[in-house]
Structures are given as structure tokens and as C-alpha cells.
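Peer 1: Once you've had a glance at the structure underneath, I'll fire off some questions.
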Amino acid sequence: MDETERQYYFIDAVREQVHALEQSLGRPLTYHVTTFGCQMNARDSEKLAGILEQAGYLPSETEDADFVLFNTCTVRENANQRMYGRLGAVHSRKKKHPQMLVAVCGCMMQEPDEVETIRKKYRFVDIVFGTHNIYRLAELLYKRLCTGEMVVDVWEDTDRIVEDLPNARKYSFKSGVNIMFGCNNFCSYCIVPYVRGRERSRDPKDILREIERLSQDGVREIMLLGQNVNSYGKTLKEPMTFAGLLREIEAIDNISRIRFMTSHPKDLSEELIEVMRDSKKICRHLHLPLQSGSSRILKEMNRRYTKEGYLALAERIKKEIPDISLTTDIIVGYPGETEEDFQETLDVVRRVRYDSAFTFLYSRRSGTPAARMKDQVPEEVAHERFDRLLKEVQDISKEVCARFEGQTMDVLVEEVNPQNPDLVSGKLSNNLTVHFPGDASLIGRILPVYLKECHGFYYIGELQ
Ligand code: SAH
Ligand code: SF4
Ligand code: F3S
């Protein structure tokens, strides 16, 4: 029996128990998954939700549910406080409803100290697992139901990729698709390689099959996910480039938009730029994390590119794909960062002119090499730089985002505007948001919209 079949066996076994419980309670059982962190975690949560739905649980909007699962992130040092706060709230509910089950998984659970904390101080937690074995949720849940004891199953690493398990998509018309797992880059400040394990790529056949199925199921836009998509395929038996994979995905009918993240500048190939330029489906958006504009700091960060190399790459991309939107991630206050280093970062921001940038205060993440460095930047200095950077980023972004005013562009409608029910909201190919008059019947459709006026980071438009 292969692993997928094994897991379906456990899903069925859990379903029987869920049914029995429903009979005795006289109502259906519900679940809620709370997700912290990045797109990778969001996609994992869809897979976890898929398993729970197949096992008979119904989705609940809130953490007031029979099965509550926290999918954690640990990229910043203080992330755990928030999570433990939420766990505390769930504990009071569990005291009133003893049949309730609570599980914690994800990146934070890959850290032995955190698992210890749960074992000692959060005894009411029923199941703990990590990032490498999410496909086992039904098996772990079954074990918990049979033994009545806390089940802890965390693996250090794995080379296994289990295909074809259920998943419950948040949106009917768009979906993330993992193309690779883990990371081998070990940027000096980053915990991800330690909690997500070594880089491994999915077989292109499995990826294409998944996307074909999604397209038959009504998905128009896919987001290919990996910590460094530009190194896709290097670990496969028959190596393949990321650009090569994109060419094959382009050929799938009914998929209209292809996005991907994240691109590490050191591995971005000329071939990728050409494939993007010639593609009708790859979105006009590239997220290209800079982290710092100082070549000295970049070296310390182990990023393996220089300021000049990054600028040349950004130039090259803009020349080949003039309507592209570039976005980025920047860290302020890395150990040893001087005012001159920071000025280099501002310089890159002014030259590249990003559509938007995620700016982060450096977080001293224990377990990473940078956390052990002596020269930590004082908090006030880092904050002050952060504020200056944010202002620069926002001023530029306002100008750059407005450059399409007066044009008509395709919008994929995602939702009814949560603030104003007379408007719907969607995304341009370049990932900018557009709000325009419309109703729920437009959700999931790609429509031409006149971009009437830009309000900083979004457009108000009119359906054409
Ligand atoms: N693989 C992606 C990033 C994943 S983490 C890449 O290389 O681009 C997302 C972002 O979190 C990073 O780009 C970085 O800017 C930020 N980040 C990671 N560790 C951090 C830390 N210790 N302090 C502050 N920001 C951090
Ligand atoms: Fe972290 Fe660097 Fe890997 Fe991105 S590439 S996940 S920043 S180690
Ligand atoms: Fe966080 Fe894990 Fe993503 S640490 S940023 S959820 S890979």
C-alpha cells in the first residue's frame, strides 16, 4: 500500500468516529485552521483543511470549533507570544467543551524547545506535528482518538513528497501550487532552512497533473510556490529549469494567469526573463527580495549577489519587460549595518522604484548565525532607519503605482469589497488592486476595467 492509500485509510477511519460523535451530539462536527506566516503555510493549511473535510468535519468561521488547528510561523523571534496567546484563549473554551480537540503544527513546531513548552505548559493540546508530515494529519488524529493521549510527531527532515491527497481551496478561481519544498540557501538571518528542511523539487509530471486538474475544476490563476523557485529542478533525477517548467505550464488550457514566488536574485536566469517576456500568461509581476543594498551586508547575509549585480538584473528585467511591476523584501538593522550601508539600501530603492516593498525590522532569530553576531544595531537606530525607509518606499510607490491611470486592463475579480458592498475588488496582472462597481456574480472572472484613478496603492475603476 503506498502512502497516499495509507492516509486515505486513516481518513476513512476518522470519518467513522466523527459520524459516531455526530450521532451522540446530535449535530455536525466543525473545524477551524488558523494560519500564521507565508504562502507556503497558507497552502499547507488548505491541504490540512482538505483532509479534515474528507474526514467529515465542516468548516467553521471561528476558533469556536470542535477541531482547532494552529499552523505556526517562526520567522521572527517574537512570533510565539502571539501563538501562545491564542492557545490560551482556546484552552478556556476547551474547559467548557471537553470533546474539543486542539492541534499545533508548522514551522514553530520544528523547534524542540517549543514542543517542550507545549508538552509541559499546554497539556490540553491534543496533537503536535511539524512541517514535514502534514500529510499524516488523519493518522495522527486517529491515534489521538483511539488513545486519548497527546500525540507528538515531529520529523527533522524528509525527502518524501506525498501526492494526491485532498485539499480544500480558499478560492474557487485561484490556487497555490507547491513546486518545491525546503531551502538550501541559509541566509544568515533566516530560520526557514532549519524548519523546512533541504530543498527538494516536485516531479514536473505531478505538478502539471495537479494544475490540469485545478484548471478542470475552474481555477484560472495559479501561484507556483517555493522559497527559491529559480533553483527549481536542480535536485531532480532528470534536471529541469524553472523556465522550462513555466513553458510546459503555459500550454495548459484554461489557466489564464501564472504567478510565482519567491525569486532569489542569485539564481534568476536569462532564460526566465525570456520566457516571461514571451509569455501570454505569466503575470507582469516579479517579487525580487533585495534584503539590503549594501554589498558588504549582502555578503554577511550570505545572499551571494552584490548591489551592482542586483541593479543590473533589475535593469535587464525592466528593459525586456517594460510593463513589469517589481516588488521586494528589505531588512533594516542587520547586525553591523552602518548609516552608509543603510544609504546604499535607500539608493537601490530610489533607483529600482518598486511598486511596493515589505520592510522588516531585523529580528534576532535564535538558531541563526546572525543572532550570535556581536554588533547588533540598537533598537532606536533600527527603528529610525525603518521609518525613513518606509517613507521613501511609500512615496515612490504612490508615483509608480499611478502609471497605468487612464488605461484599460484586465482584472481578475476576487471578492465583494468588504468595506463597500457596491464594489468588487480584484487584481491586475501586475498584482495591483482595483475596486470597481459590480456584484458577486463577477467573482472569478477576468474583465477589462478602465483605471480611472489611482489612490496610492489601489485603483478605482469602471467595468468596460
Ligand atoms: N525565501 C524567501 C523569503 C522567505 S522569508 C526569499 O529568500 O526571498 C520572507 C522574508 O522575511 C524574507 O525575505 C526576509 O526579508 C524576512 N526575514 C527573514 N528572516 C528575518 C529576520 N530574522 N528578521 C527580519 N526579517 C526576516
Ligand atoms: Fe530564508 Fe534565504 Fe531561504 Fe529565503 S532564500 S527562505 S531568506 S534562507
Ligand atoms: Fe514562517 Fe515557515 Fe513561512 S517560518 S515565513 S511560515 S516557511
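Each chain of the C-alpha cells is named A, B, ... in the order shown, its residues numbered from 1; ligands are numbered from 1 in display order.
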Residues within 9 Å of ligand 1, counting only C-alpha atoms and all ligand atoms: report them as a PDB file with N, CA and C atoms, in the first residue's frame.
Peer 2:
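Result file selection00.pdb:
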ATOM      1  N   GLY A  37       2.051  33.255   9.039  1.00  0.00           N
ATOM      2  CA  GLY A  37       3.204  33.123   8.144  1.00  0.00           C
ATOM      3  C   GLY A  37       2.912  33.283   6.672  1.00  0.00           C
ATOM      4  N   CYS A  38       3.682  32.559   5.860  1.00  0.00           N
ATOM      5  CA  CYS A  38       3.761  32.855   4.425  1.00  0.00           C
ATOM      6  C   CYS A  38       2.784  32.019   3.594  1.00  0.00           C
ATOM      7  N   VAL A  75       9.377  32.849  11.758  1.00  0.00           N
ATOM      8  CA  VAL A  75      10.425  33.593  11.051  1.00  0.00           C
ATOM      9  C   VAL A  75      10.965  34.737  11.903  1.00  0.00           C
ATOM     10  N   ARG A  76      10.101  35.280  12.761  1.00  0.00           N
ATOM     11  CA  ARG A  76      10.564  36.331  13.677  1.00  0.00           C
ATOM     12  C   ARG A  76      10.568  35.817  15.105  1.00  0.00           C
ATOM     13  N   GLU A  77      11.489  36.396  15.894  1.00  0.00           N
ATOM     14  CA  GLU A  77      11.733  35.891  17.242  1.00  0.00           C
ATOM     15  C   GLU A  77      10.480  35.943  18.130  1.00  0.00           C
ATOM     16  N   CYS A 183      14.656  24.757   1.698  1.00  0.00           N
ATOM     17  CA  CYS A 183      15.563  25.792   1.210  1.00  0.00           C
ATOM     18  C   CYS A 183      16.993  25.423   1.569  1.00  0.00           C
ATOM     19  N   ASN A 185      19.571  27.742   1.075  1.00  0.00           N
ATOM     20  CA  ASN A 185      20.389  28.957   0.941  1.00  0.00           C
ATOM     21  C   ASN A 185      21.029  29.441   2.226  1.00  0.00           C
ATOM     22  N   CYS A 187      20.531  31.906   4.307  1.00  0.00           N
ATOM     23  CA  CYS A 187      20.796  33.315   4.540  1.00  0.00           C
ATOM     24  C   CYS A 187      20.992  33.447   6.055  1.00  0.00           C
ATOM     25  N   SER A 188      21.962  34.261   6.464  1.00  0.00           N
ATOM     26  CA  SER A 188      22.452  34.169   7.851  1.00  0.00           C
ATOM     27  C   SER A 188      21.425  34.547   8.914  1.00  0.00           C
ATOM     28  N   TYR A 189      20.381  35.299   8.522  1.00  0.00           N
ATOM     29  CA  TYR A 189      19.387  35.774   9.484  1.00  0.00           C
ATOM     30  C   TYR A 189      18.163  34.858   9.544  1.00  0.00           C
ATOM     31  N   CYS A 190      18.100  33.852   8.667  1.00  0.00           N
ATOM     32  CA  CYS A 190      16.809  33.201   8.372  1.00  0.00           C
ATOM     33  C   CYS A 190      16.699  31.795   8.957  1.00  0.00           C
ATOM     34  N   ILE A 191      15.572  31.505   9.566  1.00  0.00           N
ATOM     35  CA  ILE A 191      15.349  30.217  10.219  1.00  0.00           C
ATOM     36  C   ILE A 191      14.733  29.177   9.263  1.00  0.00           C
ATOM     37  N   VAL A 192      14.221  29.663   8.122  1.00  0.00           N
ATOM     38  CA  VAL A 192      13.449  28.773   7.234  1.00  0.00           C
ATOM     39  C   VAL A 192      14.185  27.472   6.861  1.00  0.00           C
ATOM     40  N   GLY A 226       7.586  28.286  -3.858  1.00  0.00           N
ATOM     41  CA  GLY A 226       8.853  27.708  -3.397  1.00  0.00           C
ATOM     42  C   GLY A 226       9.655  28.808  -2.738  1.00  0.00           C
ATOM     43  N   GLN A 227      10.576  28.459  -1.845  1.00  0.00           N
ATOM     44  CA  GLN A 227      11.395  29.506  -1.201  1.00  0.00           C
ATOM     45  C   GLN A 227      12.356  30.128  -2.194  1.00  0.00           C
ATOM     46  N   ASN A 228      12.686  29.393  -3.248  1.00  0.00           N
ATOM     47  CA  ASN A 228      13.605  29.912  -4.254  1.00  0.00           C
ATOM     48  C   ASN A 228      13.271  29.215  -5.566  1.00  0.00           C
ATOM     49  N   VAL A 229      12.203  29.685  -6.218  1.00  0.00           N
ATOM     50  CA  VAL A 229      11.705  28.970  -7.406  1.00  0.00           C
ATOM     51  C   VAL A 229      12.751  28.927  -8.522  1.00  0.00           C
ATOM     52  N   MET A 261       6.367  32.700  -6.608  1.00  0.00           N
ATOM     53  CA  MET A 261       7.209  33.324  -5.615  1.00  0.00           C
ATOM     54  C   MET A 261       7.868  32.247  -4.750  1.00  0.00           C
ATOM     55  N   THR A 262       9.101  32.472  -4.295  1.00  0.00           N
ATOM     56  CA  THR A 262       9.870  33.688  -4.370  1.00  0.00           C
ATOM     57  C   THR A 262      11.064  33.474  -5.288  1.00  0.00           C
ATOM     58  N   SER A 263      11.517  34.546  -5.912  1.00  0.00           N
ATOM     59  CA  SER A 263      12.668  34.502  -6.802  1.00  0.00           C
ATOM     60  C   SER A 263      13.895  34.982  -6.057  1.00  0.00           C
ATOM     61  N   HIS A 264      14.903  34.160  -5.963  1.00  0.00           N
ATOM     62  CA  HIS A 264      16.158  34.636  -5.373  1.00  0.00           C
ATOM     63  C   HIS A 264      16.995  35.249  -6.496  1.00  0.00           C
ATOM     64  N   PRO A 265      17.455  36.505  -6.310  1.00  0.00           N
ATOM     65  CA  PRO A 265      18.186  37.169  -7.402  1.00  0.00           C
ATOM     66  C   PRO A 265      19.402  36.382  -7.900  1.00  0.00           C
ATOM     67  N   HIS A 287       8.528  39.421  -7.726  1.00  0.00           N
ATOM     68  CA  HIS A 287       8.939  39.732  -6.357  1.00  0.00           C
ATOM     69  C   HIS A 287      10.402  39.321  -6.234  1.00  0.00           C
ATOM     70  N   LEU A 288      11.260  40.323  -6.053  1.00  0.00           N
ATOM     71  CA  LEU A 288      12.695  40.075  -6.096  1.00  0.00           C
ATOM     72  C   LEU A 288      13.335  40.625  -4.823  1.00  0.00           C
ATOM     73  N   PRO A 289      13.376  39.796  -3.772  1.00  0.00           N
ATOM     74  CA  PRO A 289      13.849  40.289  -2.480  1.00  0.00           C
ATOM     75  C   PRO A 289      15.274  40.844  -2.540  1.00  0.00           C
ATOM     76  N   LEU A 290      15.416  42.068  -2.041  1.00  0.00           N
ATOM     77  CA  LEU A 290      16.714  42.743  -2.030  1.00  0.00           C
ATOM     78  C   LEU A 290      17.429  42.460  -0.702  1.00  0.00           C
ATOM     79  N   GLN A 291      16.705  42.572   0.391  1.00  0.00           N
ATOM     80  CA  GLN A 291      17.197  42.418   1.788  1.00  0.00           C
ATOM     81  C   GLN A 291      18.089  43.577   2.210  1.00  0.00           C
ATOM     82  N   ARG A 303      23.897  36.253   0.837  1.00  0.00           N
ATOM     83  CA  ARG A 303      22.907  36.334  -0.245  1.00  0.00           C
ATOM     84  C   ARG A 303      23.508  36.008  -1.608  1.00  0.00           C
ATOM     85  N   THR A 328       9.591  43.884  -3.488  1.00  0.00           N
ATOM     86  CA  THR A 328      10.766  43.350  -2.798  1.00  0.00           C
ATOM     87  C   THR A 328      10.552  43.196  -1.295  1.00  0.00           C
ATOM     88  N   ASP A 329      11.520  42.548  -0.655  1.00  0.00           N
ATOM     89  CA  ASP A 329      11.602  42.472   0.814  1.00  0.00           C
ATOM     90  C   ASP A 329      12.909  43.140   1.233  1.00  0.00           C
ATOM     91  N   ILE A 330      12.850  43.941   2.288  1.00  0.00           N
ATOM     92  CA  ILE A 330      14.064  44.603   2.784  1.00  0.00           C
ATOM     93  C   ILE A 330      14.144  44.453   4.303  1.00  0.00           C
ATOM     94  N   ILE A 331      15.329  44.141   4.782  1.00  0.00           N
ATOM     95  CA  ILE A 331      15.552  44.053   6.232  1.00  0.00           C
ATOM     96  C   ILE A 331      16.375  45.264   6.676  1.00  0.00           C
ATOM     97  N   VAL A 332      15.931  45.930   7.735  1.00  0.00           N
ATOM     98  CA  VAL A 332      16.660  47.079   8.279  1.00  0.00           C
ATOM     99  C   VAL A 332      17.254  46.705   9.629  1.00  0.00           C
ATOM    100  N   GLY A 333      18.523  47.102   9.851  1.00  0.00           N
ATOM    101  CA  GLY A 333      19.128  46.898  11.167  1.00  0.00           C
ATOM    102  C   GLY A 333      19.814  45.558  11.325  1.00  0.00           C
ATOM    103  N   TYR A 334      20.258  44.979  10.216  1.00  0.00           N
ATOM    104  CA  TYR A 334      21.049  43.743  10.303  1.00  0.00           C
ATOM    105  C   TYR A 334      22.320  44.038  11.115  1.00  0.00           C
ATOM    106  N   PHE A 358       7.988  45.048   1.117  1.00  0.00           N
ATOM    107  CA  PHE A 358       7.778  44.637   2.506  1.00  0.00           C
ATOM    108  C   PHE A 358       9.046  44.995   3.262  1.00  0.00           C
ATOM    109  N   THR A 359       8.907  45.866   4.254  1.00  0.00           N
ATOM    110  CA  THR A 359      10.083  46.271   5.015  1.00  0.00           C
ATOM    111  C   THR A 359      10.012  45.606   6.386  1.00  0.00           C
ATOM    112  N   PHE A 360      11.126  45.023   6.804  1.00  0.00           N
ATOM    113  CA  PHE A 360      11.157  44.310   8.087  1.00  0.00           C
ATOM    114  C   PHE A 360      12.256  44.870   8.970  1.00  0.00           C
ATOM    115  N   LEU A 361      11.933  45.035  10.249  1.00  0.00           N
ATOM    116  CA  LEU A 361      12.985  45.301  11.226  1.00  0.00           C
ATOM    117  C   LEU A 361      13.708  43.991  11.453  1.00  0.00           C
ATOM    118  N   TYR A 362      15.025  44.019  11.418  1.00  0.00           N
ATOM    119  CA  TYR A 362      15.770  42.789  11.654  1.00  0.00           C
ATOM    120  C   TYR A 362      15.352  42.177  12.993  1.00  0.00           C
ATOM    121  N   SER A 363      15.064  40.881  12.965  1.00  0.00           N
ATOM    122  CA  SER A 363      14.693  40.187  14.189  1.00  0.00           C
ATOM    123  C   SER A 363      15.798  39.186  14.521  1.00  0.00           C
ATOM    124  N   ARG A 364      16.258  39.246  15.770  1.00  0.00           N
ATOM    125  CA  ARG A 364      17.376  38.391  16.169  1.00  0.00           C
ATOM    126  C   ARG A 364      16.864  36.980  16.413  1.00  0.00           C
ATOM    127  N   ARG A 365      16.792  36.231  15.334  1.00  0.00           N
ATOM    128  CA  ARG A 365      16.167  34.911  15.375  1.00  0.00           C
ATOM    129  C   ARG A 365      17.136  33.889  15.950  1.00  0.00           C
ATOM    130  N   SER A 366      16.863  33.394  17.181  1.00  0.00           N
ATOM    131  CA  SER A 366      17.810  32.448  17.784  1.00  0.00           C
ATOM    132  C   SER A 366      17.871  31.186  16.919  1.00  0.00           C
ATOM    133  N   THR A 368      19.934  31.101  14.333  1.00  0.00           N
ATOM    134  CA  THR A 368      20.582  31.507  13.076  1.00  0.00           C
ATOM    135  C   THR A 368      21.951  32.102  13.382  1.00  0.00           C
ATOM    136  N   ALA A 370      23.325  34.875  12.390  1.00  0.00           N
ATOM    137  CA  ALA A 370      23.323  36.323  12.632  1.00  0.00           C
ATOM    138  C   ALA A 370      22.968  36.657  14.081  1.00  0.00           C
ATOM    139  N   ALA A 371      22.186  35.801  14.722  1.00  0.00           N
ATOM    140  CA  ALA A 371      21.771  36.079  16.105  1.00  0.00           C
ATOM    141  C   ALA A 371      22.965  36.038  17.050  1.00  0.00           C
TER     142      ALA A 371
END
Peer 1: If you count only C-alpha atoms, which residues fall within 9 Å of Arg200 (chain A), apart from same-chain ones fewer than 3 positions away, as JSON, numbers by chain?
Peer 2: {"A": [159, 160, 161, 179, 180, 181, 182, 183, 197, 232, 233, 234, 235, 236]}
Peer 1: What would the file look like if the residues just selected were written as a PDB file, in the first residue's frame with C-alpha atoms?
Peer 2:
ATOM      1  CA  ASP A 159      12.942  13.623   1.217  1.00  0.00           C
ATOM      2  CA  ARG A 160       9.409  12.307   0.824  1.00  0.00           C
ATOM      3  CA  ILE A 161       6.728  14.100  -1.196  1.00  0.00           C
ATOM      4  CA  ILE A 179       6.699  23.203  -6.926  1.00  0.00           C
ATOM      5  CA  MET A 180       9.410  22.687  -4.349  1.00  0.00           C
ATOM      6  CA  PHE A 181       9.883  22.383  -0.621  1.00  0.00           C
ATOM      7  CA  GLY A 182      12.619  23.483   1.772  1.00  0.00           C
ATOM      8  CA  CYS A 183      15.563  25.792   1.210  1.00  0.00           C
ATOM      9  CA  GLY A 197      14.499  21.148   5.617  1.00  0.00           C
ATOM     10  CA  TYR A 232      13.616  24.542  -9.282  1.00  0.00           C
ATOM     11  CA  GLY A 233      14.571  21.204 -10.774  1.00  0.00           C
ATOM     12  CA  LYS A 234      18.221  21.086  -9.809  1.00  0.00           C
ATOM     13  CA  THR A 235      17.695  18.137  -7.472  1.00  0.00           C
ATOM     14  CA  LEU A 236      15.538  16.081  -9.868  1.00  0.00           C
TER      15      LEU A 236
END
Peer 1: Within 9 Å of Glu111 (chain A), counting only C-alpha atoms, which residues show up once you throw out same-chain ones fewer than 6 positions away? Write them as a PyMOL selection string, please.
Peer 2: chain A and resi 130+194-195
Peer 1: I'd like to know which of A:Tyr310, A:Tyr171, A:Tyr354, A:Phe186 is closest to Gly444 (chain A), using only C-alpha atoms.
Peer 2: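 Answer, going by the shortest atom-to-atom distance: A:Tyr171.
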Peer 1: Quick one: of A:Met409, A:Ala103, A:Leu165, A:Leu428, who's nearest to Val449 (chain A), counting only C-alpha atoms?
Peer 2: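 Looking at the shortest contact to Val449 (chain A), the residue is A:Met409.
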Peer 1: Near Phe342 (chain A), counting only C-alpha atoms, which residues have an atom at most 12 Å away, once you skip same-chain residues fewer than 5 positions from it, shown as a ChimeraX atom specification?
Peer 2: /A:291-298,330-337,347-349,377,381-382,384-386,388-389
Peer 1: Could the residues in this selection be saved with N, CA and C atoms as a PDB file, in the first residue's frame?
Peer 2:
ATOM      1  N   GLN A 291      16.705  42.572   0.391  1.00  0.00           N
ATOM      2  CA  GLN A 291      17.197  42.418   1.788  1.00  0.00           C
ATOM      3  C   GLN A 291      18.089  43.577   2.210  1.00  0.00           C
ATOM      4  N   SER A 292      19.128  43.892   1.432  1.00  0.00           N
ATOM      5  CA  SER A 292      19.955  45.065   1.743  1.00  0.00           C
ATOM      6  C   SER A 292      20.572  45.565   0.446  1.00  0.00           C
ATOM      7  N   GLY A 293      20.858  46.891   0.405  1.00  0.00           N
ATOM      8  CA  GLY A 293      21.502  47.447  -0.781  1.00  0.00           C
ATOM      9  C   GLY A 293      23.012  47.543  -0.628  1.00  0.00           C
ATOM     10  N   SER A 294      23.529  47.147   0.514  1.00  0.00           N
ATOM     11  CA  SER A 294      24.969  47.234   0.750  1.00  0.00           C
ATOM     12  C   SER A 294      25.636  45.900   0.408  1.00  0.00           C
ATOM     13  N   SER A 295      26.589  45.955  -0.501  1.00  0.00           N
ATOM     14  CA  SER A 295      27.272  44.703  -0.909  1.00  0.00           C
ATOM     15  C   SER A 295      27.960  44.044   0.289  1.00  0.00           C
ATOM     16  N   ARG A 296      28.451  44.881   1.201  1.00  0.00           N
ATOM     17  CA  ARG A 296      29.122  44.321   2.378  1.00  0.00           C
ATOM     18  C   ARG A 296      28.115  43.536   3.237  1.00  0.00           C
ATOM     19  N   ILE A 297      26.962  44.135   3.491  1.00  0.00           N
ATOM     20  CA  ILE A 297      25.937  43.450   4.294  1.00  0.00           C
ATOM     21  C   ILE A 297      25.405  42.216   3.548  1.00  0.00           C
ATOM     22  N   LEU A 298      25.230  42.344   2.241  1.00  0.00           N
ATOM     23  CA  LEU A 298      24.739  41.194   1.461  1.00  0.00           C
ATOM     24  C   LEU A 298      25.679  40.004   1.605  1.00  0.00           C
ATOM     25  N   ILE A 330      12.850  43.941   2.288  1.00  0.00           N
ATOM     26  CA  ILE A 330      14.064  44.603   2.784  1.00  0.00           C
ATOM     27  C   ILE A 330      14.144  44.453   4.303  1.00  0.00           C
ATOM     28  N   ILE A 331      15.329  44.141   4.782  1.00  0.00           N
ATOM     29  CA  ILE A 331      15.552  44.053   6.232  1.00  0.00           C
ATOM     30  C   ILE A 331      16.375  45.264   6.676  1.00  0.00           C
ATOM     31  N   VAL A 332      15.931  45.930   7.735  1.00  0.00           N
ATOM     32  CA  VAL A 332      16.660  47.079   8.279  1.00  0.00           C
ATOM     33  C   VAL A 332      17.254  46.705   9.629  1.00  0.00           C
ATOM     34  N   GLY A 333      18.523  47.102   9.851  1.00  0.00           N
ATOM     35  CA  GLY A 333      19.128  46.898  11.167  1.00  0.00           C
ATOM     36  C   GLY A 333      19.814  45.558  11.325  1.00  0.00           C
ATOM     37  N   TYR A 334      20.258  44.979  10.216  1.00  0.00           N
ATOM     38  CA  TYR A 334      21.049  43.743  10.303  1.00  0.00           C
ATOM     39  C   TYR A 334      22.320  44.038  11.115  1.00  0.00           C
ATOM     40  N   PRO A 335      22.813  43.072  11.907  1.00  0.00           N
ATOM     41  CA  PRO A 335      23.994  43.329  12.738  1.00  0.00           C
ATOM     42  C   PRO A 335      25.129  43.974  11.942  1.00  0.00           C
ATOM     43  N   GLY A 336      25.665  45.055  12.498  1.00  0.00           N
ATOM     44  CA  GLY A 336      26.791  45.730  11.850  1.00  0.00           C
ATOM     45  C   GLY A 336      26.380  46.736  10.787  1.00  0.00           C
ATOM     46  N   GLU A 337      25.075  46.885  10.520  1.00  0.00           N
ATOM     47  CA  GLU A 337      24.631  47.831   9.489  1.00  0.00           C
ATOM     48  C   GLU A 337      24.952  49.263   9.933  1.00  0.00           C
ATOM     49  N   ASP A 347      19.463  53.939  -1.736  1.00  0.00           N
ATOM     50  CA  ASP A 347      19.874  54.195  -3.111  1.00  0.00           C
ATOM     51  C   ASP A 347      19.235  53.177  -4.073  1.00  0.00           C
ATOM     52  N   VAL A 348      19.262  51.906  -3.702  1.00  0.00           N
ATOM     53  CA  VAL A 348      18.650  50.887  -4.570  1.00  0.00           C
ATOM     54  C   VAL A 348      17.145  51.141  -4.678  1.00  0.00           C
ATOM     55  N   VAL A 349      16.518  51.477  -3.552  1.00  0.00           N
ATOM     56  CA  VAL A 349      15.070  51.729  -3.563  1.00  0.00           C
ATOM     57  C   VAL A 349      14.750  52.871  -4.534  1.00  0.00           C
ATOM     58  N   VAL A 377      22.505  46.079  16.045  1.00  0.00           N
ATOM     59  CA  VAL A 377      22.173  47.510  15.921  1.00  0.00           C
ATOM     60  C   VAL A 377      21.171  47.885  17.020  1.00  0.00           C
ATOM     61  N   VAL A 381      18.043  53.024  16.756  1.00  0.00           N
ATOM     62  CA  VAL A 381      18.672  53.310  15.457  1.00  0.00           C
ATOM     63  C   VAL A 381      17.927  52.554  14.356  1.00  0.00           C
ATOM     64  N   ALA A 382      17.659  51.293  14.611  1.00  0.00           N
ATOM     65  CA  ALA A 382      16.971  50.482  13.603  1.00  0.00           C
ATOM     66  C   ALA A 382      15.579  51.044  13.320  1.00  0.00           C
ATOM     67  N   GLU A 384      14.526  54.097  13.667  1.00  0.00           N
ATOM     68  CA  GLU A 384      14.609  55.377  12.969  1.00  0.00           C
ATOM     69  C   GLU A 384      14.889  55.130  11.480  1.00  0.00           C
ATOM     70  N   ARG A 385      15.776  54.183  11.184  1.00  0.00           N
ATOM     71  CA  ARG A 385      16.057  53.846   9.772  1.00  0.00           C
ATOM     72  C   ARG A 385      14.818  53.253   9.123  1.00  0.00           C
ATOM     73  N   PHE A 386      14.160  52.417   9.866  1.00  0.00           N
ATOM     74  CA  PHE A 386      12.951  51.768   9.335  1.00  0.00           C
ATOM     75  C   PHE A 386      11.926  52.811   8.885  1.00  0.00           C
ATOM     76  N   ARG A 388      12.452  55.934   8.035  1.00  0.00           N
ATOM     77  CA  ARG A 388      12.915  56.644   6.839  1.00  0.00           C
ATOM     78  C   ARG A 388      12.720  55.790   5.591  1.00  0.00           C
ATOM     79  N   LEU A 389      13.033  54.502   5.722  1.00  0.00           N
ATOM     80  CA  LEU A 389      12.885  53.606   4.566  1.00  0.00           C
ATOM     81  C   LEU A 389      11.418  53.517   4.151  1.00  0.00           C
TER      82      LEU A 389
END
Peer 1: Which residues in region 385-451 of chain A does DSSP call strand (DSSP E or B)? List them as an NGL selection string.
Peer 2: :A and (408-416 or 423-428 or 433-437 or 446-451)
Peer 1: What's the separation between CA of Ile446 (chain A) and CA of Glu274 (chain A), in Å to one decimal place?
Peer 2: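 So the two atoms, CA of Ile446 (chain A) and CA of Glu274 (chain A), lie 25.1 Å apart.
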Peer 1: With a distance cut-off of 10 Å and only C-alpha atoms, select the neighbouring residues of Ser441 (chain A), excluding the residue or stretch itself and same-chain residues fewer than 6 positions from it, and output the selection as JSON, numbers by chain.
Peer 2: {"A": [413, 415, 416, 424]}
Peer 1: Please produce a file of those selected residues containing all heavy atoms, as a tab-separated table (two decimals), in the first residue's frame.
Peer 2:
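Okay, this is what ended up in result_16.tsv:
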chain	number	residue	atom	x	y	z
A	413	VAL	N	-11.46	39.30	-10.82
A	413	VAL	CA	-12.29	39.74	-9.69
A	413	VAL	C	-12.22	38.70	-8.58
A	413	VAL	O	-12.47	37.51	-8.81
A	413	VAL	CB	-13.76	39.96	-10.13
A	413	VAL	CG1	-14.59	40.48	-8.97
A	413	VAL	CG2	-13.82	40.92	-11.31
A	415	GLU	N	-13.33	39.34	-4.95
A	415	GLU	CA	-14.33	39.36	-3.86
A	415	GLU	C	-15.18	40.61	-3.94
A	415	GLU	O	-14.84	41.57	-4.62
A	415	GLU	CB	-13.61	39.33	-2.50
A	415	GLU	CG	-12.66	40.49	-2.34
A	415	GLU	CD	-11.91	40.49	-1.01
A	415	GLU	OE1	-12.07	39.55	-0.22
A	415	GLU	OE2	-11.18	41.46	-0.77
A	416	VAL	N	-16.29	40.59	-3.20
A	416	VAL	CA	-17.04	41.81	-2.98
A	416	VAL	C	-16.25	42.61	-1.96
A	416	VAL	O	-15.76	42.05	-0.98
A	416	VAL	CB	-18.46	41.48	-2.44
A	416	VAL	CG1	-19.19	42.76	-2.03
A	416	VAL	CG2	-19.26	40.73	-3.49
A	424	VAL	N	-16.65	45.63	-6.22
A	424	VAL	CA	-15.90	44.37	-6.16
A	424	VAL	C	-14.41	44.71	-6.25
A	424	VAL	O	-14.04	45.78	-6.74
A	424	VAL	CB	-16.27	43.39	-7.29
A	424	VAL	CG1	-17.66	42.82	-7.07
A	424	VAL	CG2	-16.16	44.04	-8.67
Peer 1: With only C-alpha atoms as the atoms that count, which of A:Arg277, A:His285, A:Arg209, A:Arg196 lies nearest to Ile252 (chain A)?
Peer 2: A:Arg209
Peer 1: Got a sec: who's within 7 Å of Ile324 (chain A), counting only C-alpha atoms, leaving out chain neighbours fewer than 5 positions off, as number ranges by chain?
Peer 2: A: 284-285, 318, 430
Peer 1: Run DSSP on the backbone of this structure and report the residues of region 36-140 of chain A it assigns to helix (DSSP H, G or I), as a count of residues only.
Peer 2: 55
Peer 1: Rank nothing, just name the residue among A:Asn254, A:Asn178, A:Thr327, A:Thr345 nearest to Ala357 (chain A), using only C-alpha atoms.
Peer 2: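 Among A:Asn254, A:Asn178, A:Thr327, A:Thr345, it is A:Thr327 that comes nearest to Ala357 (chain A).
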Peer 1: For Glu3 (chain A), please output as a list of chain:residue names all residues within 12 Å (counting only C-alpha atoms; exclusion window: fewer than 4 positions along the same chain).
Peer 2: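 Returned residues: A:Gln7, A:Tyr8, A:Tyr9, A:Phe10, A:Asn133, A:Tyr135, A:Arg136, A:Glu139, A:Arg160, A:Ile161, A:Val162, A:Glu163, A:Asp164, A:Leu165.
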